[in-house]
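Pasted below: coords13.csv, CSV, C-alpha atoms.
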chain,number,residue,atom,x,y,z
Q,21,MET,CA,0.0,0.0,0.0
Q,22,ALA,CA,1.7,3.1,-1.2
Q,23,THR,CA,-0.4,5.7,0.6
Q,24,TYR,CA,-0.3,6.0,4.4
Q,25,SER,CA,-2.6,8.1,6.5
Q,26,LEU,CA,-1.4,11.4,7.8
Q,27,ALA,CA,-1.4,10.2,11.4
Q,28,ASN,CA,0.8,7.3,10.6
Q,29,GLU,CA,3.2,9.5,8.7
Q,30,GLN,CA,3.4,11.9,11.7
Q,31,ARG,CA,4.2,9.0,14.0
Q,32,LEU,CA,6.9,7.7,11.7
Q,33,ARG,CA,8.4,11.3,11.4
Q,34,ALA,CA,8.3,11.5,15.2
Q,35,LEU,CA,10.3,8.3,15.4
Q,36,GLU,CA,12.8,9.6,12.9
Q,37,ASP,CA,13.2,12.7,15.1
Q,38,ILE,CA,13.8,10.5,18.1
Q,39,GLU,CA,16.6,8.7,16.1
Q,40,ARG,CA,18.2,12.1,15.4
Q,41,GLU,CA,17.9,13.0,19.0
Q,42,ILE,CA,19.7,9.8,20.1
Q,43,CYS,CA,22.6,10.8,17.8
Q,44,ALA,CA,22.6,14.2,19.4
Q,45,ILE,CA,22.7,12.6,22.9
Q,46,LEU,CA,25.8,10.7,22.0
Q,47,GLN,CA,27.4,13.8,20.5
Q,48,ASN,CA,26.6,15.8,23.7
Q,49,ALA,CA,28.1,13.0,25.9
Q,50,GLY,CA,31.2,13.0,23.7
Q,51,THR,CA,31.6,16.8,23.9
Q,52,VAL,CA,31.3,16.7,27.7
Q,53,ILE,CA,33.9,14.0,28.0
Q,54,LEU,CA,36.2,15.8,25.6
Q,55,GLU,CA,35.8,19.0,27.6
Q,56,LEU,CA,36.6,17.1,30.8
Q,57,SER,CA,39.8,15.8,29.3
Q,58,LYS,CA,41.2,19.3,28.8
Q,59,GLU,CA,43.4,21.0,31.3
Q,60,LYS,CA,41.4,24.2,31.3
Q,61,THR,CA,37.7,23.3,31.1
Q,62,LYS,CA,35.0,25.7,30.1
Q,63,GLU,CA,32.5,25.3,32.9
Q,64,GLN,CA,29.7,27.0,31.1
Q,65,LEU,CA,30.0,24.8,28.0
Q,66,LEU,CA,30.3,21.7,30.3
Q,67,HIS,CA,27.2,22.6,32.2
Q,68,ARG,CA,25.3,23.4,29.1
Q,69,GLN,CA,26.2,20.2,27.3
Q,70,ALA,CA,25.5,18.1,30.4
Q,71,ALA,CA,22.1,19.7,30.8
Q,72,ALA,CA,21.3,19.1,27.1
Q,73,PHE,CA,22.3,15.5,27.5
Q,74,THR,CA,20.0,15.0,30.5
Q,75,ALA,CA,17.1,16.8,28.9
Q,76,SER,CA,17.5,14.9,25.6
Q,77,VAL,CA,17.6,11.5,27.4
Q,78,GLN,CA,14.5,12.4,29.4
Q,79,HIS,CA,12.7,13.6,26.2
Q,80,VAL,CA,13.6,10.4,24.3
Q,81,GLU,CA,12.4,8.3,27.1
Q,82,ALA,CA,9.1,10.2,27.3
Q,83,GLU,CA,8.5,10.1,23.6
Q,84,LEU,CA,9.3,6.4,23.2
Q,85,SER,CA,7.1,5.5,26.2
Q,86,ALA,CA,4.2,7.4,24.6
Q,87,GLN,CA,4.7,5.6,21.3
Q,88,ILE,CA,4.8,2.2,23.1
Q,89,ARG,CA,1.6,3.2,25.1
Q,90,TYR,CA,-0.2,4.1,21.8
Q,91,LEU,CA,0.9,0.7,20.3
Q,92,THR,CA,-0.4,-1.1,23.4
Q,93,GLN,CA,-3.8,0.5,22.8
Q,94,VAL,CA,-4.1,-0.2,19.1
Q,95,ALA,CA,-2.4,-3.5,18.6
Q,96,THR,CA,-4.8,-6.4,18.4
Q,97,GLY,CA,-2.4,-9.3,17.7
Q,98,GLN,CA,-4.4,-10.3,14.7
Q,99,PRO,CA,-3.3,-9.8,11.1
Q,100,HIS,CA,-5.1,-7.1,9.1
Q,101,GLU,CA,-7.4,-8.7,6.6
Q,102,GLY,CA,-8.7,-5.5,4.8
Q,103,SER,CA,-7.8,-4.9,1.2
Q,104,SER,CA,-8.6,-2.6,-1.7
Q,105,TYR,CA,-8.7,-5.5,-4.1
Q,106,SER,CA,-12.4,-5.3,-5.1
Q,107,SER,CA,-12.3,-1.6,-5.9
Q,108,SER,CA,-9.0,-2.1,-7.7
Q,109,LYS,CA,-10.6,-4.8,-9.8
Q,110,ASP,CA,-13.7,-2.6,-10.6
Q,111,CYS,CA,-11.4,0.2,-11.6
Q,112,GLN,CA,-9.3,-2.1,-13.8
Q,113,MET,CA,-12.5,-3.3,-15.6
Q,114,ALA,CA,-13.6,0.3,-16.1
Q,115,LEU,CA,-10.2,1.1,-17.7
Q,116,GLN,CA,-10.5,-2.0,-19.9
Q,117,ARG,CA,-14.0,-0.8,-21.0
Q,118,VAL,CA,-12.4,2.6,-22.0
Q,119,ASP,CA,-9.6,0.7,-24.0
Q,120,TYR,CA,-12.3,-1.4,-25.7
Q,121,ALA,CA,-14.3,1.7,-26.6
Q,122,ARG,CA,-11.2,3.4,-28.0
Q,123,LEU,CA,-10.4,0.3,-30.1
Q,124,LYS,CA,-13.9,0.2,-31.6
Q,125,LEU,CA,-13.8,3.9,-32.3
Q,126,SER,CA,-10.5,3.6,-34.1
Q,127,ASP,CA,-12.0,0.8,-36.2
Q,128,VAL,CA,-15.0,3.0,-37.1
Q,129,ALA,CA,-12.7,5.9,-38.0
Q,130,ARG,CA,-10.5,3.6,-40.2
Q,131,THR,CA,-13.6,2.3,-42.0
Q,132,CYS,CA,-14.8,5.8,-42.6
Q,133,GLU,CA,-11.5,6.9,-44.0
Q,134,GLN,CA,-11.4,3.9,-46.3
Q,135,MET,CA,-14.8,4.7,-47.6
Q,136,LEU,CA,-13.8,8.3,-48.2
Q,137,GLU,CA,-10.7,7.2,-50.2
Q,138,ASN,CA,-12.8,5.0,-52.3
B,30,MET,CA,-9.4,-20.5,20.0
B,31,ALA,CA,-6.2,-21.4,22.0
B,32,GLN,CA,-4.1,-20.1,19.2
B,33,GLN,CA,-6.1,-16.8,19.0
B,34,ARG,CA,-5.5,-16.3,22.8
B,35,ALA,CA,-1.7,-17.1,22.3
B,36,LEU,CA,-1.2,-14.3,19.7
B,37,PRO,CA,-2.3,-11.3,21.8
B,38,GLN,CA,-0.1,-12.5,24.6
B,39,SER,CA,2.9,-12.6,22.3
B,40,LYS,CA,2.1,-9.0,21.2
B,41,GLU,CA,1.7,-7.9,24.8
B,42,THR,CA,5.0,-9.6,25.7
B,43,LEU,CA,6.7,-8.0,22.8
B,44,LEU,CA,5.5,-4.5,23.9
B,45,GLN,CA,6.5,-5.2,27.4
B,46,SER,CA,10.0,-6.2,26.2
B,47,TYR,CA,10.1,-2.9,24.3
B,48,ASN,CA,9.4,-1.1,27.5
B,49,LYS,CA,12.0,-3.0,29.4
B,50,ARG,CA,14.6,-2.4,26.7
B,51,LEU,CA,13.8,1.3,26.8
B,52,LYS,CA,14.2,1.6,30.6
B,53,ASP,CA,17.4,-0.5,30.6
B,54,ASP,CA,19.0,1.5,27.8
B,55,ILE,CA,18.1,4.9,29.3
B,56,LYS,CA,19.3,3.8,32.8
B,57,SER,CA,22.6,2.5,31.3
B,58,MET,CA,23.2,5.8,29.5
B,59,MET,CA,22.5,7.9,32.6
B,60,ASP,CA,24.4,5.7,35.0
B,61,ASN,CA,27.5,5.4,32.8
B,62,PHE,CA,27.5,9.1,32.1
B,63,THR,CA,27.2,10.0,35.7
B,64,GLU,CA,30.0,7.6,36.7
B,65,ILE,CA,32.3,9.1,34.0
B,66,ILE,CA,31.7,12.5,35.5
B,67,LYS,CA,32.4,11.2,39.0
B,68,THR,CA,35.5,9.4,37.8
B,69,ALA,CA,36.8,12.6,36.3
B,70,LYS,CA,37.2,14.1,39.8
B,71,ILE,CA,40.8,14.0,40.9
B,72,GLU,CA,41.2,12.5,44.4
B,73,ASP,CA,44.0,13.7,46.6
B,74,GLU,CA,44.2,10.4,48.5
B,75,THR,CA,44.2,7.1,46.6
B,76,GLN,CA,44.7,3.5,47.7
B,77,VAL,CA,47.2,2.9,44.9
B,78,SER,CA,49.7,5.0,43.2
B,79,ARG,CA,48.5,8.0,41.1
B,80,ALA,CA,49.7,6.3,37.9
B,81,THR,CA,47.8,3.1,38.7
B,82,GLN,CA,44.7,5.1,39.6
B,83,GLY,CA,45.0,7.0,36.4
B,84,GLU,CA,45.3,3.9,34.3
B,85,GLN,CA,42.3,2.4,36.2
B,86,ASP,CA,40.2,5.5,35.6
B,87,ASN,CA,41.2,5.6,32.0
B,88,TYR,CA,40.1,2.0,31.5
B,89,GLU,CA,36.9,2.5,33.4
B,90,MET,CA,36.0,5.6,31.3
B,91,HIS,CA,36.7,3.6,28.1
B,92,VAL,CA,34.3,0.9,29.2
B,93,ARG,CA,31.6,3.3,30.4
B,94,ALA,CA,31.9,5.3,27.1
B,95,SER,CA,31.5,2.0,25.2
B,96,ASN,CA,28.4,1.2,27.3
B,97,ILE,CA,26.9,4.6,26.5
B,98,VAL,CA,27.4,3.9,22.8
B,99,ARG,CA,26.0,0.4,23.1
B,100,ALA,CA,23.0,1.7,24.8
B,101,GLY,CA,22.5,4.3,22.1
B,102,GLU,CA,22.8,1.7,19.4
B,103,SER,CA,20.3,-0.5,21.3
B,104,LEU,CA,17.9,2.5,21.4
B,105,MET,CA,18.2,2.9,17.6
B,106,LYS,CA,17.4,-0.7,17.1
B,107,LEU,CA,14.4,-0.3,19.4
B,108,VAL,CA,13.2,2.7,17.3
B,109,SER,CA,13.5,0.6,14.2
B,110,ASP,CA,11.5,-2.2,15.7
B,111,LEU,CA,8.8,0.3,16.8
B,112,LYS,CA,8.6,1.7,13.3
B,113,GLN,CA,8.1,-1.8,11.9
B,114,PHE,CA,5.5,-2.7,14.6
B,115,LEU,CA,3.7,0.6,13.9
B,116,ILE,CA,3.5,0.0,10.1
B,117,LEU,CA,2.2,-3.5,10.6
B,118,ASN,CA,-0.1,-3.2,13.6
B,119,ASP,CA,-1.5,0.4,13.6
B,120,PHE,CA,-5.0,-0.7,12.5
B,121,PRO,CA,-6.6,2.8,12.5
B,122,SER,CA,-4.0,4.0,10.1
B,123,VAL,CA,-4.2,0.9,7.9
B,124,ASN,CA,-8.0,1.2,7.8
B,125,GLU,CA,-7.8,4.9,6.8
B,126,ALA,CA,-5.2,4.1,4.1
B,127,ILE,CA,-7.5,1.3,2.7
B,128,ASP,CA,-10.5,3.7,2.7
B,129,GLN,CA,-8.6,6.4,0.9
B,130,ARG,CA,-7.4,3.9,-1.7
B,131,ASN,CA,-10.9,2.6,-2.2
B,132,GLN,CA,-12.2,6.1,-2.6
B,133,GLN,CA,-9.6,7.0,-5.2
B,134,LEU,CA,-10.2,3.9,-7.2
B,135,ARG,CA,-14.0,4.3,-7.0
B,136,ALA,CA,-13.7,7.9,-8.1
B,137,LEU,CA,-11.6,6.9,-11.1
B,138,GLN,CA,-14.0,4.2,-12.0
B,139,GLU,CA,-17.0,6.5,-11.9
B,140,GLU,CA,-15.2,9.1,-14.0
B,141,CYS,CA,-14.4,6.5,-16.6
B,142,ASP,CA,-18.0,5.3,-16.7
B,143,ARG,CA,-19.4,8.8,-16.8
B,144,LYS,CA,-17.2,9.7,-19.8
B,145,LEU,CA,-18.0,6.4,-21.5
B,146,THR,CA,-21.8,7.2,-21.1
B,147,ALA,CA,-21.3,10.7,-22.6
B,148,LEU,CA,-19.2,9.2,-25.4
B,149,ARG,CA,-22.0,6.6,-26.1
B,150,ASP,CA,-24.6,9.4,-26.4
B,151,GLU,CA,-22.4,11.4,-28.8
B,152,VAL,CA,-21.4,8.4,-30.9
B,153,SER,CA,-25.1,7.1,-31.2
B,154,ILE,CA,-26.0,10.5,-32.8
B,155,ASP,CA,-23.1,10.2,-35.3
B,156,LEU,CA,-23.8,6.5,-35.9
B,157,TYR,CA,-27.4,7.4,-36.8
B,158,GLU,CA,-26.2,9.8,-39.5
B,159,LEU,CA,-23.6,7.2,-40.7
B,160,GLU,CA,-26.3,4.6,-41.0
B,161,GLU,CA,-28.5,7.0,-43.0
B,162,GLU,CA,-25.6,7.6,-45.4
B,163,TYR,CA,-24.6,4.0,-45.7
B,164,TYR,CA,-28.1,2.6,-46.3
B,165,SER,CA,-28.8,5.2,-49.0
B,166,SER,CA,-25.5,4.5,-50.8
B,167,ARG,CA,-24.5,2.0,-53.5
B,168,TYR,CA,-22.3,0.1,-51.0
B,169,GLN,CA,-25.3,-1.3,-49.1
Hey, can you dump this file as structure tokens for me?
Amino acid sequence: MATYSLANEQRLRALEDIEREICAILQNAGTVILELSKEKTKEQLLHRQAAAFTASVQHVEAELSAQIRYLTQVATGQPHEGSSYSSSKDCQMALQRVDYARLKLSDVARTCEQMLEN
Amino acid sequence: MAQQRALPQSKETLLQSYNKRLKDDIKSMMDNFTEIIKTAKIEDETQVSRATQGEQDNYEMHVRASNIVRAGESLMKLVSDLKQFLILNDFPSVNEAIDQRNQQLRALQEECDRKLTALRDEVSIDLYELEEEYYSSRYQ
């Protein structure tokens, strides 16, 4: 199924944002450790990065918990048995009718041209 | 019936395992980060020599940093699993997508049939004239 609903796309985008945030968390942790390794540490930068790390970790935990809570509510454990096959078949038949009509019209046009030439 | 009852339990167990993984990874990240910060503090009195203590702290920090990275990677895998679960099991979204697809196909089919009906009406008028011409000609 190529088209997904808006809500589903929003949830997938939210999960992608969480992935980016996890990368940012690791980057923040690396910056803090790098700063600690220096002889003269910049305290403000250290505090800022550490606070960003903690805030990001808590945000990621909250967001993922919310997603898991939503899935707990909507998951049924059964496979989805809906399909759009019947309407797809009807549409296919309609398009075949159009093709058949086009074919017959081209036959009529060809016959008329032959008559005119004769 | 027993099989139907088994399936929801596995889904519930799966979601519980997701929760557990999330809690464990977050805890691992926070604990290891906190311990690295604590280890960075230079102690005046140590039980072993300063060099040995330095080596020990260095090794400990390496291990804890690796643990943070491992926890981050585990979280990325969890997010990937959640995406897959969402696509397959989010029934409201799947239902909505199926409805949209059905509406699109039905609209296309109605448009085709409407145009064919209009074409039929036009062609029947032309065919009437063609038949008049044909039956009054020498080719009849």
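Going from atom CA of Gly97 of chain Q over to atom CA of Lys112 of chain B, you cover 16.2 Å.
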| request: For chain Q, list the residues within 8 Å of chain B, counting only C-alpha atoms, and write the list as a ChimeraX atom specification. | output: /Q:21,23-25,27-28,32,35,38-39,42-43,46,49,53,56,74,77,81,84-85,88,91-92,94-100,102-104,107-108,110-111,114-115,118,121
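When atom CA of Gln69 of chain Q is paired with atom CA of Tyr88 of chain B, their separation reads 23.3 Å.
Atom pair atom CA of Glu151 of chain B / atom CA of Lys109 of chain Q has a distance of 27.6 Å (rounded to one decimal).
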Fewer than 2 positions away in the same chain doesn't count, so skip those; otherwise give me all residues within 12 Å of Cys132 of chain Q, counting only C-alpha atoms, as a ChimeraX atom specification. /Q:125-130,134-138 /B:155-156,159-160,162-163
Expected file contents, prior selection, C-alpha atoms, as a PDB file, keeping the file's coordinate frame:
ATOM      1  CA  LEU Q 125     -13.800   3.900 -32.300  1.00  0.00           C
ATOM      2  CA  SER Q 126     -10.500   3.600 -34.100  1.00  0.00           C
ATOM      3  CA  ASP Q 127     -12.000   0.800 -36.200  1.00  0.00           C
ATOM      4  CA  VAL Q 128     -15.000   3.000 -37.100  1.00  0.00           C
ATOM      5  CA  ALA Q 129     -12.700   5.900 -38.000  1.00  0.00           C
ATOM      6  CA  ARG Q 130     -10.500   3.600 -40.200  1.00  0.00           C
ATOM      7  CA  GLN Q 134     -11.400   3.900 -46.300  1.00  0.00           C
ATOM      8  CA  MET Q 135     -14.800   4.700 -47.600  1.00  0.00           C
ATOM      9  CA  LEU Q 136     -13.800   8.300 -48.200  1.00  0.00           C
ATOM     10  CA  GLU Q 137     -10.700   7.200 -50.200  1.00  0.00           C
ATOM     11  CA  ASN Q 138     -12.800   5.000 -52.300  1.00  0.00           C
TER      12      ASN Q 138
ATOM     13  CA  ASP B 155     -23.100  10.200 -35.300  1.00  0.00           C
ATOM     14  CA  LEU B 156     -23.800   6.500 -35.900  1.00  0.00           C
ATOM     15  CA  LEU B 159     -23.600   7.200 -40.700  1.00  0.00           C
ATOM     16  CA  GLU B 160     -26.300   4.600 -41.000  1.00  0.00           C
ATOM     17  CA  GLU B 162     -25.600   7.600 -45.400  1.00  0.00           C
ATOM     18  CA  TYR B 163     -24.600   4.000 -45.700  1.00  0.00           C
TER      19      TYR B 163
END
Of Q:Val80, Q:Met113, Q:Ala71, Q:Leu65, the one nearest to Ala34 of chain Q when counting all atoms listed in the file is Q:Val80
